[in-house]
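Quick look at model12.pdb (PDB, C-alpha atoms, pLDDT in the B column):
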```
ATOM      1  CA  LEU A   1     -44.056 -73.764  48.594  1.00 90.00           C
ATOM      2  CA  HIS A   2     -41.493 -76.426  47.735  1.00 96.00           C
ATOM      3  CA  THR A   3     -41.599 -78.749  44.742  1.00 96.00           C
ATOM      4  CA  LEU A   4     -40.198 -82.257  45.251  1.00 97.00           C
ATOM      5  CA  TYR A   5     -39.322 -84.994  42.782  1.00 97.00           C
ATOM      6  CA  LEU A   6     -39.396 -88.485  44.333  1.00 97.00           C
ATOM      7  CA  GLN A   7     -37.181 -90.955  42.489  1.00 96.00           C
ATOM      8  CA  PRO A   8     -35.494 -94.265  43.390  1.00 95.00           C
ATOM      9  CA  GLN A   9     -32.219 -92.467  44.126  1.00 93.00           C
ATOM     10  CA  GLY A  10     -33.835 -90.083  46.607  1.00 96.00           C
ATOM     11  CA  VAL A  11     -35.450 -86.648  46.408  1.00 97.00           C
ATOM     12  CA  LEU A  12     -34.669 -83.543  44.365  1.00 95.00           C
ATOM     13  CA  ALA A  13     -36.218 -80.353  45.735  1.00 96.00           C
ATOM     14  CA  TRP A  14     -36.747 -76.753  44.702  1.00 94.00           C
ATOM     15  CA  ASN A  15     -38.013 -73.782  46.653  1.00 87.00           C
ATOM     16  CA  THR A  16     -40.466 -72.290  44.162  1.00 70.00           C
ATOM     17  CA  VAL A  17     -40.190 -68.817  45.700  1.00 60.00           C
ATOM     18  CA  ASP A  18     -36.386 -68.569  45.575  1.00 51.00           C
ATOM     19  CA  THR A  19     -35.767 -69.069  41.855  1.00 46.00           C
ATOM     20  CA  ARG A  20     -33.187 -67.752  39.454  1.00 48.00           C
ATOM     21  CA  PRO A  21     -34.297 -65.320  36.690  1.00 40.00           C
ATOM     22  CA  ALA A  22     -34.668 -68.189  34.236  1.00 45.00           C
ATOM     23  CA  GLY A  23     -37.324 -69.673  36.495  1.00 47.00           C
ATOM     24  CA  VAL A  24     -35.178 -72.629  37.580  1.00 55.00           C
ATOM     25  CA  GLY A  25     -34.625 -72.926  41.317  1.00 61.00           C
ATOM     26  CA  THR A  26     -31.419 -74.219  42.865  1.00 83.00           C
ATOM     27  CA  THR A  27     -31.615 -78.001  43.046  1.00 88.00           C
ATOM     28  CA  ALA A  28     -31.135 -79.634  46.448  1.00 93.00           C
ATOM     29  CA  ALA A  29     -30.705 -83.400  46.770  1.00 95.00           C
ATOM     30  CA  PHE A  30     -31.755 -85.575  49.730  1.00 97.00           C
ATOM     31  CA  ASP A  31     -31.476 -89.288  50.468  1.00 97.00           C
ATOM     32  CA  ASN A  32     -35.230 -89.604  51.002  1.00 97.00           C
ATOM     33  CA  PHE A  33     -38.401 -87.701  51.874  1.00 97.00           C
ATOM     34  CA  ASP A  34     -37.780 -87.960  55.608  1.00 97.00           C
ATOM     35  CA  ALA A  35     -34.386 -86.269  55.191  1.00 97.00           C
ATOM     36  CA  TRP A  36     -36.022 -83.405  53.303  1.00 97.00           C
ATOM     37  CA  CYS A  37     -38.731 -83.013  55.971  1.00 98.00           C
ATOM     38  CA  ARG A  38     -36.154 -82.835  58.770  1.00 97.00           C
ATOM     39  CA  VAL A  39     -34.495 -79.871  57.047  1.00 96.00           C
ATOM     40  CA  ASN A  40     -37.794 -78.177  56.097  1.00 96.00           C
ATOM     41  CA  PRO A  41     -40.240 -78.452  59.028  1.00 97.00           C
ATOM     42  CA  ASN A  42     -43.401 -76.333  59.069  1.00 97.00           C
ATOM     43  CA  SER A  43     -43.368 -75.960  55.289  1.00 96.00           C
ATOM     44  CA  GLU A  44     -45.587 -76.712  52.303  1.00 96.00           C
ATOM     45  CA  ALA A  45     -44.769 -79.082  49.475  1.00 97.00           C
ATOM     46  CA  ARG A  46     -46.111 -80.624  46.320  1.00 96.00           C
ATOM     47  CA  LEU A  47     -44.715 -83.998  45.258  1.00 97.00           C
ATOM     48  CA  PHE A  48     -44.130 -85.421  41.808  1.00 97.00           C
ATOM     49  CA  VAL A  49     -43.383 -89.138  41.606  1.00 97.00           C
ATOM     50  CA  SER A  50     -40.900 -90.592  39.125  1.00 98.00           C
ATOM     51  CA  GLY A  51     -42.199 -93.019  36.533  1.00 97.00           C
ATOM     52  CA  HIS A  52     -39.700 -95.521  37.949  1.00 97.00           C
ATOM     53  CA  LEU A  53     -42.047 -95.797  40.947  1.00 97.00           C
ATOM     54  CA  LEU A  54     -45.318 -95.902  38.973  1.00 97.00           C
ATOM     55  CA  HIS A  55     -47.326 -97.913  36.516  1.00 97.00           C
ATOM     56  CA  SER A  56     -49.589 -95.843  34.248  1.00 96.00           C
ATOM     57  CA  LEU A  57     -52.271 -96.608  31.704  1.00 96.00           C
ATOM     58  CA  VAL A  58     -54.757 -94.896  29.385  1.00 96.00           C
ATOM     59  CA  ALA A  59     -58.107 -96.627  28.928  1.00 95.00           C
ATOM     60  CA  ASP A  60     -59.572 -97.365  25.519  1.00 93.00           C
ATOM     61  CA  PRO A  61     -62.346 -94.771  24.988  1.00 92.00           C
ATOM     62  CA  ALA A  62     -64.518 -97.548  23.516  1.00 93.00           C
ATOM     63  CA  LEU A  63     -64.911 -98.853  27.085  1.00 93.00           C
ATOM     64  CA  ARG A  64     -66.987 -95.741  27.897  1.00 91.00           C
ATOM     65  CA  LEU A  65     -65.854 -95.491  31.503  1.00 92.00           C
ATOM     66  CA  ARG A  66     -68.326 -92.943  32.835  1.00 82.00           C
ATOM     67  CA  ASP A  67     -66.884 -91.859  36.171  1.00 90.00           C
ATOM     68  CA  GLU A  68     -63.813 -92.056  38.387  1.00 92.00           C
ATOM     69  CA  ASP A  69     -65.009 -95.209  40.138  1.00 94.00           C
ATOM     70  CA  ALA A  70     -65.350 -96.988  36.791  1.00 94.00           C
ATOM     71  CA  VAL A  71     -61.865 -95.854  35.763  1.00 95.00           C
ATOM     72  CA  ARG A  72     -60.444 -96.932  39.113  1.00 96.00           C
ATOM     73  CA  ASN A  73     -62.068-100.383  38.973  1.00 96.00           C
ATOM     74  CA  TYR A  74     -60.904-100.981  35.414  1.00 97.00           C
ATOM     75  CA  ALA A  75     -57.354 -99.837  36.176  1.00 97.00           C
ATOM     76  CA  ARG A  76     -57.202-101.997  39.310  1.00 97.00           C
ATOM     77  CA  GLN A  77     -58.200-105.049  37.247  1.00 97.00           C
ATOM     78  CA  GLN A  78     -55.513-104.306  34.681  1.00 97.00           C
ATOM     79  CA  PHE A  79     -52.759-103.754  37.244  1.00 97.00           C
ATOM     80  CA  VAL A  80     -53.680-106.967  39.093  1.00 97.00           C
ATOM     81  CA  HIS A  81     -53.790-108.902  35.818  1.00 97.00           C
ATOM     82  CA  TYR A  82     -50.320-107.788  34.738  1.00 96.00           C
ATOM     83  CA  HIS A  83     -48.543-107.376  38.091  1.00 96.00           C
ATOM     84  CA  GLY A  84     -50.210-109.761  40.537  1.00 97.00           C
ATOM     85  CA  THR A  85     -52.614-109.593  43.450  1.00 96.00           C
ATOM     86  CA  HIS A  86     -50.343-107.284  45.488  1.00 95.00           C
ATOM     87  CA  ALA A  87     -51.345-104.551  43.011  1.00 96.00           C
ATOM     88  CA  ARG A  88     -54.713-104.371  44.793  1.00 95.00           C
ATOM     89  CA  GLN A  89     -52.996-102.436  47.585  1.00 94.00           C
ATOM     90  CA  TRP A  90     -51.216 -99.888  45.422  1.00 96.00           C
ATOM     91  CA  PRO A  91     -52.345 -96.266  45.923  1.00 95.00           C
ATOM     92  CA  MET A  92     -53.876 -94.967  42.721  1.00 95.00           C
ATOM     93  CA  ALA A  93     -54.784 -91.679  41.082  1.00 94.00           C
ATOM     94  CA  VAL A  94     -57.179 -91.455  38.129  1.00 94.00           C
ATOM     95  CA  TRP A  95     -57.896 -88.743  35.558  1.00 91.00           C
ATOM     96  CA  SER A  96     -60.419 -88.229  32.799  1.00 87.00           C
ATOM     97  CA  SER A  97     -61.319 -85.888  29.954  1.00 82.00           C
ATOM     98  CA  ALA A  98     -64.279 -85.820  27.605  1.00 79.00           C
ATOM     99  CA  SER A  99     -63.125 -88.941  25.742  1.00 85.00           C
ATOM    100  CA  TYR A 100     -60.100 -90.400  27.509  1.00 92.00           C
ATOM    101  CA  SER A 101     -59.262 -91.528  31.020  1.00 94.00           C
ATOM    102  CA  GLY A 102     -56.318 -93.095  32.748  1.00 96.00           C
ATOM    103  CA  ALA A 103     -54.715 -94.093  36.012  1.00 97.00           C
ATOM    104  CA  CYS A 104     -51.381 -94.164  37.815  1.00 96.00           C
ATOM    105  CA  ALA A 105     -50.539 -96.660  40.552  1.00 97.00           C
ATOM    106  CA  ALA A 106     -47.571 -96.247  42.891  1.00 96.00           C
ATOM    107  CA  HIS A 107     -45.940 -99.674  43.169  1.00 96.00           C
ATOM    108  CA  SER A 108     -42.940 -98.627  45.279  1.00 92.00           C
ATOM    109  CA  ILE A 109     -44.302 -95.959  47.628  1.00 92.00           C
ATOM    110  CA  ASP A 110     -45.840 -96.389  51.063  1.00 92.00           C
ATOM    111  CA  LEU A 111     -48.219 -93.464  50.824  1.00 92.00           C
ATOM    112  CA  ASN A 112     -49.408 -93.743  54.424  1.00 93.00           C
ATOM    113  CA  ALA A 113     -45.833 -93.676  55.688  1.00 94.00           C
ATOM    114  CA  LEU A 114     -45.055 -90.682  53.504  1.00 95.00           C
ATOM    115  CA  ARG A 115     -48.053 -88.786  54.880  1.00 95.00           C
ATOM    116  CA  ALA A 116     -47.137 -89.729  58.437  1.00 97.00           C
ATOM    117  CA  THR A 117     -43.601 -88.457  57.894  1.00 97.00           C
ATOM    118  CA  ALA A 118     -44.952 -85.167  56.573  1.00 98.00           C
ATOM    119  CA  ALA A 119     -47.328 -84.797  59.520  1.00 97.00           C
ATOM    120  CA  SER A 120     -44.586 -85.507  62.054  1.00 98.00           C
ATOM    121  CA  HIS A 121     -42.627 -82.528  60.700  1.00 98.00           C
ATOM    122  CA  ASP A 122     -45.682 -80.278  60.199  1.00 98.00           C
ATOM    123  CA  VAL A 123     -45.230 -80.427  56.434  1.00 98.00           C
ATOM    124  CA  HIS A 124     -48.434 -79.755  54.507  1.00 97.00           C
ATOM    125  CA  LEU A 125     -48.738 -81.735  51.265  1.00 96.00           C
ATOM    126  CA  HIS A 126     -50.562 -79.835  48.523  1.00 94.00           C
ATOM    127  CA  GLY A 127     -50.718 -82.860  46.264  1.00 93.00           C
ATOM    128  CA  ILE A 128     -48.975 -85.962  44.921  1.00 94.00           C
ATOM    129  CA  ALA A 129     -48.928 -86.469  41.155  1.00 95.00           C
ATOM    130  CA  PRO A 130     -47.009 -88.416  38.503  1.00 96.00           C
ATOM    131  CA  ALA A 131     -43.868 -86.694  37.255  1.00 97.00           C
ATOM    132  CA  TRP A 132     -44.993 -87.089  33.634  1.00 96.00           C
ATOM    133  CA  SER A 133     -47.805 -84.594  34.277  1.00 95.00           C
ATOM    134  CA  ALA A 134     -45.699 -81.833  35.835  1.00 96.00           C
ATOM    135  CA  GLY A 135     -44.431 -79.947  32.790  1.00 95.00           C
ATOM    136  CA  LEU A 136     -47.080 -80.661  30.179  1.00 95.00           C
ATOM    137  CA  ALA A 137     -48.649 -77.188  30.281  1.00 94.00           C
ATOM    138  CA  SER A 138     -45.453 -75.235  29.599  1.00 94.00           C
ATOM    139  CA  LEU A 139     -44.265 -77.845  27.099  1.00 94.00           C
ATOM    140  CA  THR A 140     -47.487 -77.421  25.135  1.00 93.00           C
ATOM    141  CA  ARG A 141     -46.955 -73.662  25.054  1.00 92.00           C
ATOM    142  CA  GLN A 142     -43.485 -74.221  23.634  1.00 91.00           C
ATOM    143  CA  VAL A 143     -44.636 -76.910  21.164  1.00 92.00           C
ATOM    144  CA  PRO A 144     -48.116 -75.816  19.992  1.00 92.00           C
ATOM    145  CA  SER A 145     -48.526 -78.901  17.792  1.00 91.00           C
ATOM    146  CA  LEU A 146     -49.135 -80.901  20.991  1.00 92.00           C
ATOM    147  CA  ALA A 147     -52.462 -79.081  21.313  1.00 91.00           C
ATOM    148  CA  GLY A 148     -53.346 -79.573  17.646  1.00 90.00           C
ATOM    149  CA  PRO A 149     -56.000 -81.955  16.349  1.00 89.00           C
ATOM    150  CA  GLY A 150     -53.605 -84.575  14.993  1.00 91.00           C
ATOM    151  CA  PRO A 151     -51.579 -87.037  17.096  1.00 95.00           C
ATOM    152  CA  SER A 152     -48.216 -85.844  18.425  1.00 95.00           C
ATOM    153  CA  ALA A 153     -45.640 -87.751  20.469  1.00 96.00           C
ATOM    154  CA  VAL A 154     -43.723 -86.788  23.606  1.00 96.00           C
ATOM    155  CA  ALA A 155     -40.846 -88.784  25.097  1.00 96.00           C
ATOM    156  CA  LEU A 156     -40.110 -87.953  28.734  1.00 96.00           C
ATOM    157  CA  VAL A 157     -36.703 -89.399  29.639  1.00 95.00           C
ATOM    158  CA  GLU A 158     -35.883 -90.223  33.263  1.00 95.00           C
ATOM    159  CA  GLY A 159     -32.511 -91.917  32.947  1.00 93.00           C
ATOM    160  CA  SER A 160     -33.189 -95.432  31.684  1.00 95.00           C
ATOM    161  CA  LEU A 161     -36.988 -94.924  31.622  1.00 97.00           C
ATOM    162  CA  VAL A 162     -38.846 -93.374  28.685  1.00 97.00           C
ATOM    163  CA  THR A 163     -42.508 -92.455  29.137  1.00 98.00           C
ATOM    164  CA  TRP A 164     -43.958 -92.306  25.627  1.00 98.00           C
ATOM    165  CA  MET A 165     -47.120 -90.206  25.406  1.00 97.00           C
ATOM    166  CA  ILE A 166     -49.382 -89.539  22.434  1.00 96.00           C
ATOM    167  CA  ALA A 167     -51.422 -86.334  22.606  1.00 94.00           C
ATOM    168  CA  SER A 168     -54.242 -85.099  20.413  1.00 92.00           C
ATOM    169  CA  ALA A 169     -56.094 -81.810  20.879  1.00 89.00           C
ATOM    170  CA  GLY A 170     -54.318 -81.332  24.184  1.00 87.00           C
ATOM    171  CA  THR A 171     -55.378 -84.699  25.621  1.00 91.00           C
ATOM    172  CA  ILE A 172     -53.180 -87.718  26.380  1.00 93.00           C
ATOM    173  CA  THR A 173     -54.608 -90.536  24.261  1.00 94.00           C
ATOM    174  CA  SER A 174     -51.922 -93.178  24.746  1.00 95.00           C
ATOM    175  CA  MET A 175     -49.076 -93.842  27.156  1.00 96.00           C
ATOM    176  CA  GLN A 176     -46.473 -96.521  27.653  1.00 96.00           C
ATOM    177  CA  GLN A 177     -43.326 -96.938  29.718  1.00 96.00           C
ATOM    178  CA  ARG A 178     -40.245 -98.372  28.019  1.00 97.00           C
ATOM    179  CA  TYR A 179     -36.798 -99.012  29.449  1.00 97.00           C
ATOM    180  CA  LEU A 180     -33.329 -98.563  27.977  1.00 96.00           C
ATOM    181  CA  ASP A 181     -30.667-101.193  28.675  1.00 96.00           C
ATOM    182  CA  ALA A 182     -28.530 -98.263  29.834  1.00 94.00           C
ATOM    183  CA  PRO A 183     -29.206 -94.514  30.059  1.00 93.00           C
ATOM    184  CA  ARG A 184     -27.340 -93.640  26.867  1.00 91.00           C
ATOM    185  CA  ALA A 185     -28.313 -91.369  23.977  1.00 88.00           C
ATOM    186  CA  GLY A 186     -27.622 -93.962  21.296  1.00 89.00           C
ATOM    187  CA  LEU A 187     -30.030 -96.422  22.876  1.00 92.00           C
ATOM    188  CA  LEU A 188     -32.607 -93.643  23.200  1.00 92.00           C
ATOM    189  CA  THR A 189     -32.310 -92.963  19.463  1.00 91.00           C
ATOM    190  CA  GLU A 190     -32.930 -96.622  18.646  1.00 93.00           C
ATOM    191  CA  LEU A 191     -35.924 -96.814  20.984  1.00 95.00           C
ATOM    192  CA  LEU A 192     -37.540 -93.650  19.612  1.00 94.00           C
ATOM    193  CA  ASP A 193     -37.204 -94.963  16.060  1.00 93.00           C
ATOM    194  CA  ARG A 194     -39.041 -98.143  17.113  1.00 95.00           C
ATOM    195  CA  LEU A 195     -41.741 -96.226  18.977  1.00 96.00           C
ATOM    196  CA  VAL A 196     -42.439 -93.922  16.025  1.00 94.00           C
ATOM    197  CA  GLU A 197     -42.672 -96.960  13.751  1.00 93.00           C
ATOM    198  CA  GLU A 198     -45.035 -98.713  16.186  1.00 95.00           C
ATOM    199  CA  THR A 199     -47.337 -95.786  16.998  1.00 93.00           C
ATOM    200  CA  GLY A 200     -46.907 -93.277  14.123  1.00 86.00           C
ATOM    201  CA  PRO A 201     -46.856 -91.789  11.634  1.00 90.00           C
ATOM    202  CA  PHE A 202     -46.930 -88.249  13.014  1.00 92.00           C
ATOM    203  CA  ALA A 203     -47.151 -84.955  11.192  1.00 91.00           C
ATOM    204  CA  HIS A 204     -44.408 -83.518  13.422  1.00 92.00           C
ATOM    205  CA  PRO A 205     -41.237 -85.035  14.915  1.00 93.00           C
ATOM    206  CA  ALA A 206     -41.542 -86.463  18.397  1.00 94.00           C
ATOM    207  CA  THR A 207     -40.756 -84.037  21.218  1.00 94.00           C
ATOM    208  CA  VAL A 208     -38.022 -85.156  23.620  1.00 93.00           C
ATOM    209  CA  VAL A 209     -37.427 -83.751  27.097  1.00 93.00           C
ATOM    210  CA  GLY A 210     -35.746 -85.269  30.091  1.00 91.00           C
ATOM    211  CA  TRP A 211     -32.670 -85.837  32.185  1.00 92.00           C
ATOM    212  CA  GLY A 212     -30.405 -88.559  33.520  1.00 91.00           C
ATOM    213  CA  LEU A 213     -28.625 -89.808  30.401  1.00 89.00           C
ATOM    214  CA  GLU A 214     -24.972 -90.640  30.995  1.00 85.00           C
ATOM    215  CA  ASP A 215     -24.001 -88.926  27.748  1.00 74.00           C
ATOM    216  CA  GLY A 216     -26.032 -85.751  27.343  1.00 64.00           C
ATOM    217  CA  ALA A 217     -24.957 -85.095  23.729  1.00 66.00           C
ATOM    218  CA  ILE A 218     -27.751 -85.655  21.210  1.00 71.00           C
ATOM    219  CA  PRO A 219     -26.742 -87.904  18.274  1.00 69.00           C
ATOM    220  CA  PRO A 220     -27.368 -86.463  14.788  1.00 72.00           C
ATOM    221  CA  ALA A 221     -29.427 -89.585  14.047  1.00 73.00           C
ATOM    222  CA  LEU A 222     -32.067 -88.593  16.606  1.00 79.00           C
ATOM    223  CA  ARG A 223     -35.003 -87.435  14.486  1.00 83.00           C
ATOM    224  CA  ALA A 224     -36.856 -85.475  17.141  1.00 88.00           C
ATOM    225  CA  ASN A 225     -37.595 -82.018  18.480  1.00 90.00           C
ATOM    226  CA  VAL A 226     -35.264 -81.942  21.500  1.00 88.00           C
ATOM    227  CA  VAL A 227     -36.623 -79.360  23.915  1.00 88.00           C
ATOM    228  CA  SER A 228     -33.909 -80.028  26.483  1.00 77.00           C
ATOM    229  CA  PRO A 229     -30.811 -82.226  26.170  1.00 72.00           C
ATOM    230  CA  PRO A 230     -31.581 -85.109  28.567  1.00 76.00           C
ATOM    231  CA  GLY A 231     -28.328 -84.975  30.487  1.00 70.00           C
ATOM    232  CA  GLY A 232     -28.156 -82.871  33.669  1.00 70.00           C
ATOM    233  CA  ARG A 233     -30.637 -81.709  36.289  1.00 70.00           C
ATOM    234  CA  ASP A 234     -31.697 -78.362  34.793  1.00 80.00           C
ATOM    235  CA  ALA A 235     -34.344 -80.019  32.638  1.00 87.00           C
ATOM    236  CA  ALA A 236     -35.724 -81.808  35.703  1.00 92.00           C
ATOM    237  CA  ALA A 237     -36.113 -78.454  37.443  1.00 91.00           C
ATOM    238  CA  CYS A 238     -37.817 -76.850  34.441  1.00 91.00           C
ATOM    239  CA  TRP A 239     -40.166 -79.823  34.093  1.00 94.00           C
ATOM    240  CA  MET A 240     -41.148 -80.062  37.755  1.00 95.00           C
ATOM    241  CA  LEU A 241     -41.631 -76.283  38.016  1.00 93.00           C
ATOM    242  CA  ASP A 242     -43.603 -76.288  34.738  1.00 93.00           C
ATOM    243  CA  SER A 243     -41.291 -73.682  33.228  1.00 90.00           C
ATOM    244  CA  MET A 244     -40.141 -75.383  30.043  1.00 87.00           C
ATOM    245  CA  ALA A 245     -38.462 -73.124  27.473  1.00 76.00           C
ATOM    246  CA  HIS A 246     -37.710 -74.225  23.926  1.00 46.00           C
ATOM    247  CA  GLY A 247     -34.072 -75.107  23.346  1.00 43.00           C
ATOM    248  CA  THR A 248     -32.473 -77.052  20.493  1.00 37.00           C
TER
END
```
Give the structure from the file, written as structure tokens.
Amino acid sequence: LHTLYLQPQGVLAWNTVDTRPAGVGTTAAFDNFDAWCRVNPNSEARLFVSGHLLHSLVADPALRLRDEDAVRNYARQQFVHYHGTHARQWPMAVWSSASYSGACAAHSIDLNALRATAASHDVHLHGIAPAWSAGLASLTRQVPSLAGPGPSAVALVEGSLVTWMIASAGTITSMQQRYLDAPRAGLLTELLDRLVEETGPFAHPATVVGWGLEDGAIPPALRANVVSPPGGRDAAACWMLDSMAHGT
């Protein structure tokens, strides 16, 4: 079983059987999904899609959306309202818990073409999911406050994109996507300060994990629990393979 990360720059891939002792497989890079399929015919894969290729939302629980169809219809209305009528055609995935529900729409992926490419190389797709969901289970084990009753914040950094998630009792209750003018640690520090001011206060510092910053060093001014310095690819591997380990 291979794990793939689809991003605007191409595909990062890991063979989840052939991993190093730390649980992080060797990262292989490809120009696109078709290039990966040509090298890995007759294989199995699960795909995680970068936030750069998605729009995501969490519905207000006061709306009382009772089932997946209700969530899907509401999300479709919101995406069309904010992004135009072409959003009607975007492939969408929805999720729900006891109180909260949400949706992700792929605005830059031709899902039918991706499936056709997989089929032409006898690649079996086990699932396609947003990248922000990949490492939440192991992150919660490393940061138990994320499963606590009070609100806690997680910043997932994908280069210039920050997906800001609020969790309470193990459930995502709020999510927004914010962009940095450049993928630099200083700009990340400024953005996190604004996000905490806008959505806090929190009993614990925000948790930061990610990759793709041009300068991987964490500024002393960053008031956060940095699980992985968001510089190189190792954090991407740990996140996609759901094998996060607590660092600095």
* Would you please work out which residue, of A:Thr207, A:Thr16, A:Ser174, A:Ser50, is nearest to Ala224 (chain A) when using only C-alpha atoms? =>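 Looking only at the distances to Ala224 (chain A), the closest residue turns out to be A:Thr207.
Evaluated against this file, the PyMOL selection byres ((chain A and resi 62-73) around 9) yields Ala59, Asp60, Pro61, Tyr74, Ala75, Arg76, Gln77, Gln78, Met92, Ala93, Val94, Trp95, Ser96, Ser99, Tyr100, Ser101, Gly102 and Ala103 of chain A.
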- One decimal, Å: what's the distance from CA of Arg38 (chain A) over to CA of Asp242 (chain A), could you say?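 Result for CA of Arg38 (chain A) versus CA of Asp242 (chain A): 26.0 Å, one decimal.
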Explicit residues for the PyMOL selection byres ((chain A and resi 146-148) around 12) (as a short mmCIF file (atom, residue, chain, number, x, y, z; two decimals) with C-alpha atoms, in the frame of the given file):
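To be explicit, this is the file written out as out36.cif:
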```cif
data_model
loop_
_atom_site.label_atom_id
_atom_site.label_comp_id
_atom_site.auth_asym_id
_atom_site.auth_seq_id
_atom_site.Cartn_x
_atom_site.Cartn_y
_atom_site.Cartn_z
CA LEU A 136 -47.08 -80.66 30.18
CA ALA A 137 -48.65 -77.19 30.28
CA SER A 138 -45.45 -75.24 29.60
CA LEU A 139 -44.26 -77.84 27.10
CA THR A 140 -47.49 -77.42 25.14
CA ARG A 141 -46.96 -73.66 25.05
CA GLN A 142 -43.48 -74.22 23.63
CA VAL A 143 -44.64 -76.91 21.16
CA PRO A 144 -48.12 -75.82 19.99
CA SER A 145 -48.53 -78.90 17.79
CA PRO A 149 -56.00 -81.96 16.35
CA GLY A 150 -53.60 -84.58 14.99
CA PRO A 151 -51.58 -87.04 17.10
CA SER A 152 -48.22 -85.84 18.42
CA ALA A 153 -45.64 -87.75 20.47
CA VAL A 154 -43.72 -86.79 23.61
CA MET A 165 -47.12 -90.21 25.41
CA ILE A 166 -49.38 -89.54 22.43
CA ALA A 167 -51.42 -86.33 22.61
CA SER A 168 -54.24 -85.10 20.41
CA ALA A 169 -56.09 -81.81 20.88
CA GLY A 170 -54.32 -81.33 24.18
CA THR A 171 -55.38 -84.70 25.62
CA ILE A 172 -53.18 -87.72 26.38
CA THR A 173 -54.61 -90.54 24.26
CA PHE A 202 -46.93 -88.25 13.01
CA ALA A 203 -47.15 -84.96 11.19
CA HIS A 204 -44.41 -83.52 13.42
CA PRO A 205 -41.24 -85.04 14.92
CA ALA A 206 -41.54 -86.46 18.40
CA THR A 207 -40.76 -84.04 21.22
CA ASN A 225 -37.60 -82.02 18.48
#
```
Quiz item: Can you tell me, as a PyMOL selection string, what residues are no more than 6 Å from region 120-129 of chain A when counting only C-alpha atoms, ignoring any on the same chain fewer than 2 positions away?
Solution: chain A and resi 41-48+117-118
Note to self: One number please: CA of Met175 (chain A) to CA of Ser56 (chain A), in Å, one decimal.
What the structure shows: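 So the answer is 7.4 Å.
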Checklist entry - Quick one, how far is CA of Tyr179 (chain A) from CA of Ser160 (chain A)? => result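 Calculated distance between CA of Tyr179 (chain A) and CA of Ser160 (chain A) is 5.6 Å.
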Closest to Val49 (chain A) among A:Leu161, A:Ala106, A:Leu213, A:Leu188, using all atoms listed in the file?
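Going through A:Leu161, A:Ala106, A:Leu213, A:Leu188 one by one, the smallest distance to Val49 (chain A) is for A:Ala106.
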Exercise on region 237-246 of chain A, axis-aligned box with 5 Å per side, report centre and edge lengths in Å to one decimal, as JSON:
```
{"center_x": -39.9, "center_y": -76.6, "center_z": 31.0, "size_x": 17.5, "size_y": 16.9, "size_z": 24.1}
```
